[in-house]
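Structure file data_3.json (JSON, C-alpha atoms (C1' of nucleotides)) follows.
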```
[["chain", "number", "residue", "atom", "x", "y", "z"],
["E", 13, "MET", "CA", -3.82, 3.25, 3.41],
["E", 14, "LYS", "CA", -5.64, 0.70, 5.46],
["E", 15, "ILE", "CA", -4.78, 0.56, 9.07],
["E", 16, "SER", "CA", -6.19, -2.25, 11.09],
["E", 17, "LEU", "CA", -7.82, -1.67, 14.42],
["E", 18, "ALA", "CA", -5.15, -3.72, 16.07],
["E", 19, "ASN", "CA", -2.27, -1.48, 15.15],
["E", 20, "VAL", "CA", -3.71, 1.98, 15.33],
["E", 21, "GLU", "CA", -2.11, 3.39, 18.39],
["E", 22, "HIS", "CA", -4.40, 6.34, 18.65],
["E", 23, "CYS", "CA", -1.56, 8.40, 17.34],
["E", 24, "PRO", "CA", -2.36, 11.68, 15.59],
["E", 25, "VAL", "CA", 0.46, 11.08, 13.15],
["E", 26, "VAL", "CA", -0.99, 7.74, 12.18],
["E", 27, "SER", "CA", -4.44, 9.27, 11.85],
["E", 28, "THR", "CA", -3.11, 11.89, 9.51],
["E", 29, "MET", "CA", -1.20, 9.39, 7.44],
["E", 30, "ALA", "CA", -4.34, 7.32, 7.18],
["E", 31, "VAL", "CA", -6.02, 10.28, 5.54],
["E", 32, "ILE", "CA", -3.28, 11.48, 3.20],
["E", 33, "GLY", "CA", -1.29, 8.29, 2.82],
["E", 34, "GLY", "CA", -2.82, 7.09, -0.39],
["E", 35, "LYS", "CA", -0.57, 6.98, -3.39],
["E", 36, "TRP", "CA", -2.15, 10.00, -5.05],
["E", 37, "LYS", "CA", -3.85, 11.86, -2.28],
["E", 38, "ILE", "CA", -1.42, 14.60, -1.43],
["E", 39, "LEU", "CA", -1.00, 15.21, -5.13],
["E", 40, "ILE", "CA", -4.73, 15.54, -5.56],
["E", 41, "ILE", "CA", -4.96, 17.86, -2.59],
["E", 42, "HIS", "CA", -2.13, 19.90, -4.01],
["E", 43, "LEU", "CA", -3.74, 20.20, -7.41],
["E", 44, "ILE", "CA", -7.13, 21.10, -6.03],
["E", 45, "ASN", "CA", -5.43, 23.68, -3.87],
["E", 46, "ASN", "CA", -4.05, 25.08, -7.11],
["E", 47, "ASP", "CA", -7.50, 25.39, -8.61],
["E", 48, "VAL", "CA", -7.43, 22.24, -10.61],
["E", 49, "ASN", "CA", -10.87, 21.28, -9.47],
["E", 50, "ARG", "CA", -12.47, 19.23, -12.17],
["E", 51, "PHE", "CA", -12.29, 15.52, -12.62],
["E", 52, "GLY", "CA", -11.13, 15.68, -16.21],
["E", 53, "LYS", "CA", -8.43, 18.19, -15.50],
["E", 54, "LEU", "CA", -7.12, 16.17, -12.59],
["E", 55, "SER", "CA", -7.19, 13.10, -14.75],
["E", 56, "MET", "CA", -5.20, 14.86, -17.45],
["E", 57, "LEU", "CA", -2.54, 16.17, -15.10],
["E", 58, "LEU", "CA", -2.21, 12.90, -13.25],
["E", 59, "LYS", "CA", -1.70, 11.03, -16.50],
["E", 60, "HIS", "CA", -0.90, 7.71, -14.93],
["E", 61, "ILE", "CA", -3.74, 7.49, -12.55],
["E", 62, "SER", "CA", -6.65, 5.44, -13.72],
["E", 63, "ARG", "CA", -10.05, 7.06, -13.64],
["E", 64, "GLN", "CA", -11.18, 4.52, -11.15],
["E", 65, "MET", "CA", -8.29, 5.29, -8.85],
["E", 66, "LEU", "CA", -9.00, 8.97, -9.13],
["E", 67, "THR", "CA", -12.64, 8.40, -8.29],
["E", 68, "THR", "CA", -11.74, 6.25, -5.32],
["E", 69, "GLN", "CA", -9.25, 8.73, -3.95],
["E", 70, "LEU", "CA", -11.61, 11.65, -4.41],
["E", 71, "ARG", "CA", -14.38, 9.75, -2.66],
["E", 72, "GLU", "CA", -12.16, 8.90, 0.25],
["E", 73, "LEU", "CA", -10.96, 12.45, 0.60],
["E", 74, "GLU", "CA", -14.55, 13.58, 0.51],
["E", 75, "ARG", "CA", -15.54, 11.00, 3.09],
["E", 76, "ASP", "CA", -12.72, 12.19, 5.32],
["E", 77, "GLY", "CA", -13.92, 15.75, 5.06],
["E", 78, "ILE", "CA", -10.89, 16.99, 3.16],
["E", 79, "LEU", "CA", -12.75, 18.11, 0.10],
["E", 80, "GLU", "CA", -16.20, 18.99, -1.03],
["E", 81, "ARG", "CA", -17.81, 17.73, -4.19],
["E", 82, "VAL", "CA", -20.08, 20.17, -5.96],
["E", 83, "VAL", "CA", -22.29, 18.81, -8.68],
["E", 84, "TYR", "CA", -23.88, 21.10, -11.24],
["E", 85, "ALA", "CA", -27.01, 19.68, -12.80],
["E", 86, "GLU", "CA", -25.80, 19.93, -16.37],
["E", 87, "ILE", "CA", -25.30, 17.73, -19.35],
["E", 88, "PRO", "CA", -22.59, 16.77, -19.91],
["E", 89, "PRO", "CA", -21.90, 16.37, -16.22],
["E", 90, "HIS", "CA", -20.05, 19.09, -14.41],
["E", 91, "VAL", "CA", -18.47, 18.47, -11.04],
["E", 92, "GLU", "CA", -16.05, 20.58, -9.09],
["E", 93, "TYR", "CA", -13.94, 19.78, -6.08],
["E", 94, "PHE", "CA", -12.88, 22.19, -3.38],
["E", 95, "LEU", "CA", -10.83, 21.90, -0.25],
["E", 96, "THR", "CA", -12.80, 22.23, 2.96],
["E", 97, "PRO", "CA", -11.28, 24.19, 5.85],
["E", 98, "LYS", "CA", -10.12, 20.85, 7.20],
["E", 99, "GLY", "CA", -8.48, 20.20, 3.87],
["E", 100, "LYS", "CA", -6.89, 23.60, 3.75],
["E", 101, "ALA", "CA", -5.47, 22.92, 7.18],
["E", 102, "LEU", "CA", -3.35, 20.28, 5.49],
["E", 103, "ILE", "CA", -1.35, 22.89, 3.61],
["E", 104, "PRO", "CA", 1.24, 23.19, 6.37],
["E", 105, "VAL", "CA", 1.74, 19.44, 6.11],
["E", 106, "LEU", "CA", 2.16, 19.79, 2.38],
["E", 107, "THR", "CA", 4.66, 22.54, 2.97],
["E", 108, "ALA", "CA", 6.66, 20.51, 5.45],
["E", 109, "LEU", "CA", 6.75, 17.58, 3.06],
["E", 110, "LYS", "CA", 7.76, 19.84, 0.23],
["E", 111, "ASP", "CA", 10.50, 21.54, 2.19],
["E", 112, "TRP", "CA", 12.06, 18.29, 3.24],
["E", 113, "GLY", "CA", 11.76, 16.92, -0.27],
["E", 114, "PHE", "CA", 13.47, 19.91, -1.78],
["E", 115, "GLU", "CA", 16.34, 19.66, 0.56],
["E", 116, "HIS", "CA", 16.80, 15.96, 0.93],
["E", 117, "ALA", "CA", 15.02, 13.79, -1.51],
["E", 118, "LEU", "CA", 14.75, 15.16, -5.01],
["E", 119, "GLY", "CA", 15.93, 12.50, -7.41],
["E", 120, "GLU", "CA", 18.24, 10.75, -5.05],
["E", 121, "THR", "CA", 16.58, 8.34, -2.69],
["E", 122, "GLY", "CA", 16.11, 4.72, -3.48],
["E", 123, "ALA", "CA", 12.47, 4.89, -2.63],
["E", 124, "ALA", "CA", 11.79, 7.88, -4.80],
["E", 125, "SER", "CA", 13.73, 6.71, -7.80],
["E", 126, "GLN", "CA", 12.52, 3.12, -7.76],
["E", 127, "LYS", "CA", 8.96, 4.15, -8.10],
["E", 128, "ALA", "CA", 9.78, 6.37, -11.05],
["E", 129, "LYS", "CA", 6.91, 6.00, -13.47],
["E", 130, "PRO", "CA", 6.30, 9.75, -13.48],
["E", 131, "ALA", "CA", 2.84, 10.96, -12.76],
["E", 132, "ILE", "CA", 3.31, 13.63, -15.35],
["E", 133, "PRO", "CA", 5.93, 13.40, -18.06],
["E", 134, "ALA", "CA", 8.10, 16.49, -18.22],
["C", 26, "MET", "CA", 7.56, 28.18, -3.44],
["C", 27, "LYS", "CA", 5.01, 26.87, -5.80],
["C", 28, "ILE", "CA", 5.27, 23.53, -7.47],
["C", 29, "SER", "CA", 4.92, 23.67, -11.19],
["C", 30, "LEU", "CA", 2.04, 21.60, -12.36],
["C", 31, "ALA", "CA", 4.01, 20.55, -15.38],
["C", 32, "ASN", "CA", 6.56, 18.82, -13.21],
["C", 33, "VAL", "CA", 4.58, 16.96, -10.68],
["C", 34, "GLU", "CA", 6.73, 13.89, -11.11],
["C", 35, "HIS", "CA", 9.71, 15.73, -9.72],
["C", 36, "CYS", "CA", 7.53, 16.81, -6.91],
["C", 37, "PRO", "CA", 9.35, 17.03, -3.61],
["C", 38, "VAL", "CA", 6.15, 16.10, -1.83],
["C", 39, "VAL", "CA", 6.02, 12.85, -3.74],
["C", 40, "SER", "CA", 9.67, 12.17, -3.03],
["C", 41, "THR", "CA", 9.13, 12.71, 0.64],
["C", 42, "MET", "CA", 6.09, 10.48, 0.73],
["C", 43, "ALA", "CA", 8.09, 7.81, -1.03],
["C", 44, "VAL", "CA", 10.48, 7.84, 1.89],
["C", 45, "ILE", "CA", 8.11, 8.07, 4.82],
["C", 46, "GLY", "CA", 4.99, 6.60, 3.26],
["C", 47, "GLY", "CA", 5.41, 3.08, 4.54],
["C", 48, "LYS", "CA", 2.85, 1.86, 6.97],
["C", 49, "TRP", "CA", 5.16, 2.04, 9.96],
["C", 50, "LYS", "CA", 7.90, 4.40, 8.95],
["C", 51, "ILE", "CA", 6.90, 7.65, 10.59],
["C", 52, "LEU", "CA", 6.15, 5.71, 13.73],
["C", 53, "ILE", "CA", 9.59, 4.16, 13.67],
["C", 54, "ILE", "CA", 11.19, 7.52, 13.06],
["C", 55, "HIS", "CA", 9.20, 8.95, 15.90],
["C", 56, "LEU", "CA", 10.26, 6.22, 18.30],
["C", 57, "ILE", "CA", 13.91, 6.38, 17.36],
["C", 58, "ASN", "CA", 13.72, 10.11, 17.81],
["C", 59, "ASN", "CA", 12.53, 9.36, 21.32],
["C", 60, "ASP", "CA", 15.53, 7.20, 22.04],
["C", 61, "VAL", "CA", 13.88, 3.90, 21.38],
["C", 62, "ASN", "CA", 16.78, 2.70, 19.34],
["C", 63, "ARG", "CA", 17.00, -1.02, 19.65],
["C", 64, "PHE", "CA", 15.26, -3.60, 17.56],
["C", 65, "GLY", "CA", 13.69, -5.42, 20.46],
["C", 66, "LYS", "CA", 12.35, -2.27, 22.04],
["C", 67, "LEU", "CA", 10.86, -1.08, 18.78],
["C", 68, "SER", "CA", 9.34, -4.48, 18.29],
["C", 69, "MET", "CA", 7.78, -4.36, 21.73],
["C", 70, "LEU", "CA", 6.32, -0.90, 21.34],
["C", 71, "LEU", "CA", 5.01, -1.55, 17.85],
["C", 72, "LYS", "CA", 3.10, -4.52, 19.15],
["C", 73, "HIS", "CA", 1.54, -5.52, 15.91],
["C", 74, "ILE", "CA", 4.41, -5.22, 13.54],
["C", 75, "SER", "CA", 6.05, -8.45, 12.51],
["C", 76, "ARG", "CA", 9.78, -8.75, 12.97],
["C", 77, "GLN", "CA", 10.21, -9.08, 9.27],
["C", 78, "MET", "CA", 8.25, -5.91, 8.60],
["C", 79, "LEU", "CA", 10.29, -4.06, 11.15],
["C", 80, "THR", "CA", 13.50, -5.28, 9.57],
["C", 81, "THR", "CA", 12.32, -4.28, 6.13],
["C", 82, "GLN", "CA", 11.26, -0.83, 7.20],
["C", 83, "LEU", "CA", 14.47, -0.23, 9.10],
["C", 84, "ARG", "CA", 16.52, -1.35, 6.12],
["C", 85, "GLU", "CA", 14.63, 0.96, 3.79],
["C", 86, "LEU", "CA", 15.01, 3.89, 6.13],
["C", 87, "GLU", "CA", 18.69, 3.13, 6.35],
["C", 88, "ARG", "CA", 18.98, 2.89, 2.59],
["C", 89, "ASP", "CA", 17.26, 6.24, 2.27],
["C", 90, "GLY", "CA", 19.70, 7.81, 4.65],
["C", 91, "ILE", "CA", 17.15, 8.49, 7.36],
["C", 92, "LEU", "CA", 18.79, 6.42, 10.00],
["C", 93, "GLU", "CA", 22.07, 4.83, 10.84],
["C", 94, "ARG", "CA", 22.53, 1.29, 12.02],
["C", 95, "VAL", "CA", 25.25, 0.75, 14.54],
["C", 96, "VAL", "CA", 26.27, -2.82, 15.24],
["C", 97, "TYR", "CA", 28.21, -3.69, 18.36],
["C", 98, "ALA", "CA", 30.23, -6.86, 18.07],
["C", 99, "GLU", "CA", 28.68, -8.58, 21.03],
["C", 100, "ILE", "CA", 26.90, -11.74, 21.88],
["C", 101, "PRO", "CA", 23.98, -11.69, 22.09],
["C", 102, "PRO", "CA", 23.71, -9.25, 19.20],
["C", 103, "HIS", "CA", 23.44, -5.59, 19.98],
["C", 104, "VAL", "CA", 22.32, -3.11, 17.35],
["C", 105, "GLU", "CA", 21.27, 0.49, 17.75],
["C", 106, "TYR", "CA", 19.53, 2.83, 15.38],
["C", 107, "PHE", "CA", 19.95, 6.57, 15.23],
["C", 108, "LEU", "CA", 18.49, 9.30, 13.13],
["C", 109, "THR", "CA", 20.90, 10.90, 10.71],
["C", 110, "PRO", "CA", 20.75, 14.68, 10.22],
["C", 111, "LYS", "CA", 18.60, 13.96, 7.21],
["C", 112, "GLY", "CA", 16.33, 11.93, 9.41],
["C", 113, "LYS", "CA", 16.21, 14.58, 12.08],
["C", 114, "ALA", "CA", 15.18, 17.05, 9.41],
["C", 115, "LEU", "CA", 11.96, 15.07, 9.19],
["C", 116, "ILE", "CA", 10.87, 16.17, 12.64],
["C", 117, "PRO", "CA", 9.04, 19.24, 11.31],
["C", 118, "VAL", "CA", 7.10, 16.92, 9.03],
["C", 119, "LEU", "CA", 6.26, 14.75, 11.99],
["C", 120, "THR", "CA", 5.15, 17.81, 13.87],
["C", 121, "ALA", "CA", 2.94, 19.03, 11.06],
["C", 122, "LEU", "CA", 1.35, 15.60, 10.75],
["C", 123, "LYS", "CA", 0.84, 15.43, 14.48],
["C", 124, "ASP", "CA", -0.68, 18.90, 14.69],
["C", 125, "TRP", "CA", -3.15, 18.22, 11.96],
["C", 126, "GLY", "CA", -4.01, 14.89, 13.47],
["C", 127, "PHE", "CA", -4.67, 16.36, 16.87],
["C", 128, "GLU", "CA", -6.93, 18.97, 15.49],
["C", 129, "HIS", "CA", -8.74, 17.16, 12.75],
["C", 130, "ALA", "CA", -8.40, 13.45, 12.73],
["C", 131, "LEU", "CA", -8.39, 11.89, 16.15],
["C", 132, "GLY", "CA", -11.32, 9.56, 16.32],
["C", 133, "GLU", "CA", -13.42, 11.14, 13.69],
["C", 134, "THR", "CA", -12.45, 10.34, 10.11],
["C", 135, "GLY", "CA", -13.53, 7.27, 8.29],
["C", 136, "ALA", "CA", -9.95, 6.36, 7.55],
["C", 137, "ALA", "CA", -8.65, 6.87, 11.01],
["C", 138, "SER", "CA", -11.56, 6.43, 13.32],
["C", 139, "GLN", "CA", -10.68, 3.09, 14.75],
["C", 140, "LYS", "CA", -10.30, 3.34, 18.46],
["C", 141, "ALA", "CA", -7.37, 1.96, 20.33],
["C", 142, "LYS", "CA", -5.31, 2.55, 23.37],
["C", 143, "PRO", "CA", -2.42, 4.91, 23.05],
["C", 144, "ALA", "CA", 0.67, 2.77, 23.08],
["C", 145, "ILE", "CA", 3.06, 5.24, 21.61],
["C", 146, "PRO", "CA", 4.06, 7.88, 24.08],
["C", 147, "ALA", "CA", 3.65, 11.31, 22.64],
["V", 11, "DG", "C1'", 24.30, -29.93, 27.74],
["V", 12, "DG", "C1'", 20.19, -27.26, 27.90],
["V", 13, "DA", "C1'", 17.96, -22.87, 28.40],
["V", 14, "DT", "C1'", 18.48, -17.68, 27.64],
["V", 15, "DG", "C1'", 18.74, -13.54, 25.00],
["V", 16, "DT", "C1'", 19.18, -10.35, 20.66],
["V", 17, "DA", "C1'", 18.61, -9.51, 16.19],
["V", 18, "DG", "C1'", 17.52, -11.10, 12.82],
["V", 19, "DT", "C1'", 16.39, -14.57, 8.07],
["V", 20, "DC", "C1'", 13.50, -17.68, 5.06],
["V", 21, "DA", "C1'", 9.66, -19.54, 2.54],
["V", 22, "DG", "C1'", 5.16, -19.26, 1.61],
["V", 23, "DT", "C1'", 0.60, -17.08, 2.00],
["V", 24, "DT", "C1'", -2.84, -13.59, 2.60],
["V", 25, "DT", "C1'", -4.49, -8.97, 2.23],
["V", 26, "DT", "C1'", -4.59, -4.56, 0.16],
["V", 27, "DT", "C1'", -3.84, -1.58, -3.45],
["V", 28, "DT", "C1'", -3.65, -0.38, -8.05],
["V", 29, "DC", "C1'", -4.43, -1.18, -12.85],
["V", 30, "DT", "C1'", -6.97, -2.63, -17.33],
["V", 31, "DT", "C1'", -10.64, -2.70, -20.34],
["V", 32, "DA", "C1'", -15.10, -2.06, -21.40],
["V", 33, "DC", "C1'", -19.46, 0.24, -20.47],
["V", 34, "DT", "C1'", -23.13, 4.05, -19.02],
["V", 35, "DC", "C1'", -26.01, 8.32, -19.24],
["V", 36, "DA", "C1'", -28.48, 12.13, -21.59],
["V", 37, "DA", "C1'", -28.40, 16.46, -24.23],
["V", 38, "DG", "C1'", -26.67, 18.83, -28.20],
["V", 39, "DC", "C1'", -24.66, 19.03, -32.62],
["V", 40, "DT", "C1'", -24.26, 17.42, -37.64],
["W", 8, "DA", "C1'", -29.03, 8.35, -36.54],
["W", 9, "DG", "C1'", -24.91, 8.66, -34.80],
["W", 10, "DC", "C1'", -20.98, 11.06, -32.58],
["W", 11, "DT", "C1'", -19.24, 13.86, -28.79],
["W", 12, "DT", "C1'", -18.76, 15.22, -23.95],
["W", 13, "DG", "C1'", -17.77, 14.82, -18.73],
["W", 14, "DA", "C1'", -17.82, 12.16, -15.00],
["W", 15, "DG", "C1'", -18.00, 8.49, -13.76],
["W", 16, "DT", "C1'", -19.07, 2.38, -12.86],
["W", 17, "DA", "C1'", -18.24, -2.70, -13.07],
["W", 18, "DA", "C1'", -15.62, -6.80, -13.05],
["W", 19, "DG", "C1'", -11.61, -8.99, -12.83],
["W", 20, "DA", "C1'", -6.48, -9.28, -12.94],
["W", 21, "DA", "C1'", -1.99, -8.01, -11.57],
["W", 22, "DA", "C1'", 1.21, -6.07, -8.46],
["W", 23, "DA", "C1'", 2.69, -4.54, -4.07],
["W", 24, "DA", "C1'", 2.62, -4.69, 0.79],
["W", 25, "DA", "C1'", 2.15, -7.12, 4.87],
["W", 26, "DC", "C1'", 1.70, -11.21, 7.61],
["W", 27, "DT", "C1'", 2.77, -16.13, 9.67],
["W", 28, "DG", "C1'", 5.47, -19.48, 11.74],
["W", 29, "DA", "C1'", 9.60, -21.77, 11.90],
["W", 30, "DC", "C1'", 14.49, -21.32, 12.03],
["W", 31, "DT", "C1'", 19.61, -19.44, 12.86],
["W", 32, "DA", "C1'", 23.88, -17.96, 15.51],
["W", 33, "DC", "C1'", 26.74, -17.83, 19.53],
["W", 34, "DA", "C1'", 28.53, -16.76, 24.21],
["W", 35, "DT", "C1'", 27.11, -17.12, 28.83],
["W", 36, "DC", "C1'", 24.50, -18.87, 32.66],
["W", 37, "DC", "C1'", 22.49, -22.71, 35.40]]
```
Reformat the file's structure so that it appears as structure tokens.
Amino acid sequence: MKISLANVEHCPVVSTMAVIGGKWKILIIHLINNDVNRFGKLSMLLKHISRQMLTTQLRELERDGILERVVYAEIPPHVEYFLTPKGKALIPVLTALKDWGFEHALGETGAASQKAKPAIPA
Amino acid sequence: MKISLANVEHCPVVSTMAVIGGKWKILIIHLINNDVNRFGKLSMLLKHISRQMLTTQLRELERDGILERVVYAEIPPHVEYFLTPKGKALIPVLTALKDWGFEHALGETGAASQKAKPAIPA
DNA sequence: GGATGTAGTCAGTTTTTTCTTACTCAAGCT
DNA sequence: AGCTTGAGTAAGAAAAAACTGACTACATCC
């Protein structure tokens, strides 16, 4: 989520949204928090994300200090992702989002149902 | 409660993000929660939002049951926006976002590090 | 009889985000 | 000698989000 200098109101909420607002980011954070920490595995679970998107999102999350990228010098390549403390601190946010979603949004809102195209088919 | 990895598409987190993920939505919710409930006032405080954007976001939030639009039959037009109970239930989300932002994102991340004057009263 | 004020709408364009398809690298196996 | 594997890159296109500037309506005030 790109936020131009002109409209950032130095608001902590906006700052946070800038970090987790990407289309796949909270999902990625959630998966990594559940020990899905390899690129291929993430790619498999997030079936409809392109590899490039996944790379981009991972890089941004890394840049923002949310996760750490650990490269093992092996062939074929082996990379693992972990949440940093800063990333783990996002869990309460995840929880709040989840709680609200459970109670108010599952399969009913216009916004949620329009964008169907499930990330992972049931 | 843990989210099943097999059902990420029914993920409440995703549903919630679909509702509040717009560029201005949490800000609008925040302002309305602080009794800024008229179009013109919102437009003034969100200096850099276009009127059309504001209209669109308000309409979407209304469609998603987050806020209620009350029209008074007056000239010049008089419209007020209020959070519904469903919308008020988002306050904990707002709080979680704000808390994380205060502690981890203000003026430091790549995504959110643009500096600006605070224009939104906390 | 023109300006004022509120809450918009409309058409068209630009910017940003996301997707598609093809390609890479280097070791190990067959 | 070629296929497989994991974790990506590159280039370009398509789709979505956001922006711009001009325009509307109508009662009241000056």
At a cut-off of 9 Å, list the chain V residues touching chain C, using all atoms listed in the file, as a list in words.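 Putting it all together, I get DG15, DT16, DA17, DG18 and DT19 of chain V.
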Taking all atoms listed in the file into account, find every residue of chain W that has an atom no more than 9 Å from chain E, and write it out as a list of chain:residue names.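 Going by the stated atoms only, the list reads W:DT12, W:DG13, W:DA14, W:DG15, W:DT16.
The two atoms in question, atom CA of E:Thr28 and atom CA of C:Ala130, are spaced 6.4 Å apart.
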Can you measure atom C1' of V:DG22 to atom C1' of W:DT27 for me? One decimal in Å is fine.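 Spanning atom C1' of V:DG22 to atom C1' of W:DT27 is a straight-line distance of 9.0 Å.
Residues lying within 7 Å of (-1.3, -6.1, 5.4). Counted over all atoms listed in the file, they are V:DT25, V:DT26, W:DA24, W:DA25, W:DC26.
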Skip E:Leu73 itself and residues of its chain fewer than 3 positions away, then list as a list in words all residues within 9 Å of it, counting all atoms listed in the file. Val31, Ile32, Lys37, Ile41, Thr68, Gln69, Leu70, Asp76, Gly77, Ile78, Leu79, Glu80 and Gly99 of chain E
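Coordinates place atom CA of E:Phe114 at a distance of 18.0 Å from atom CA of C:Leu122.
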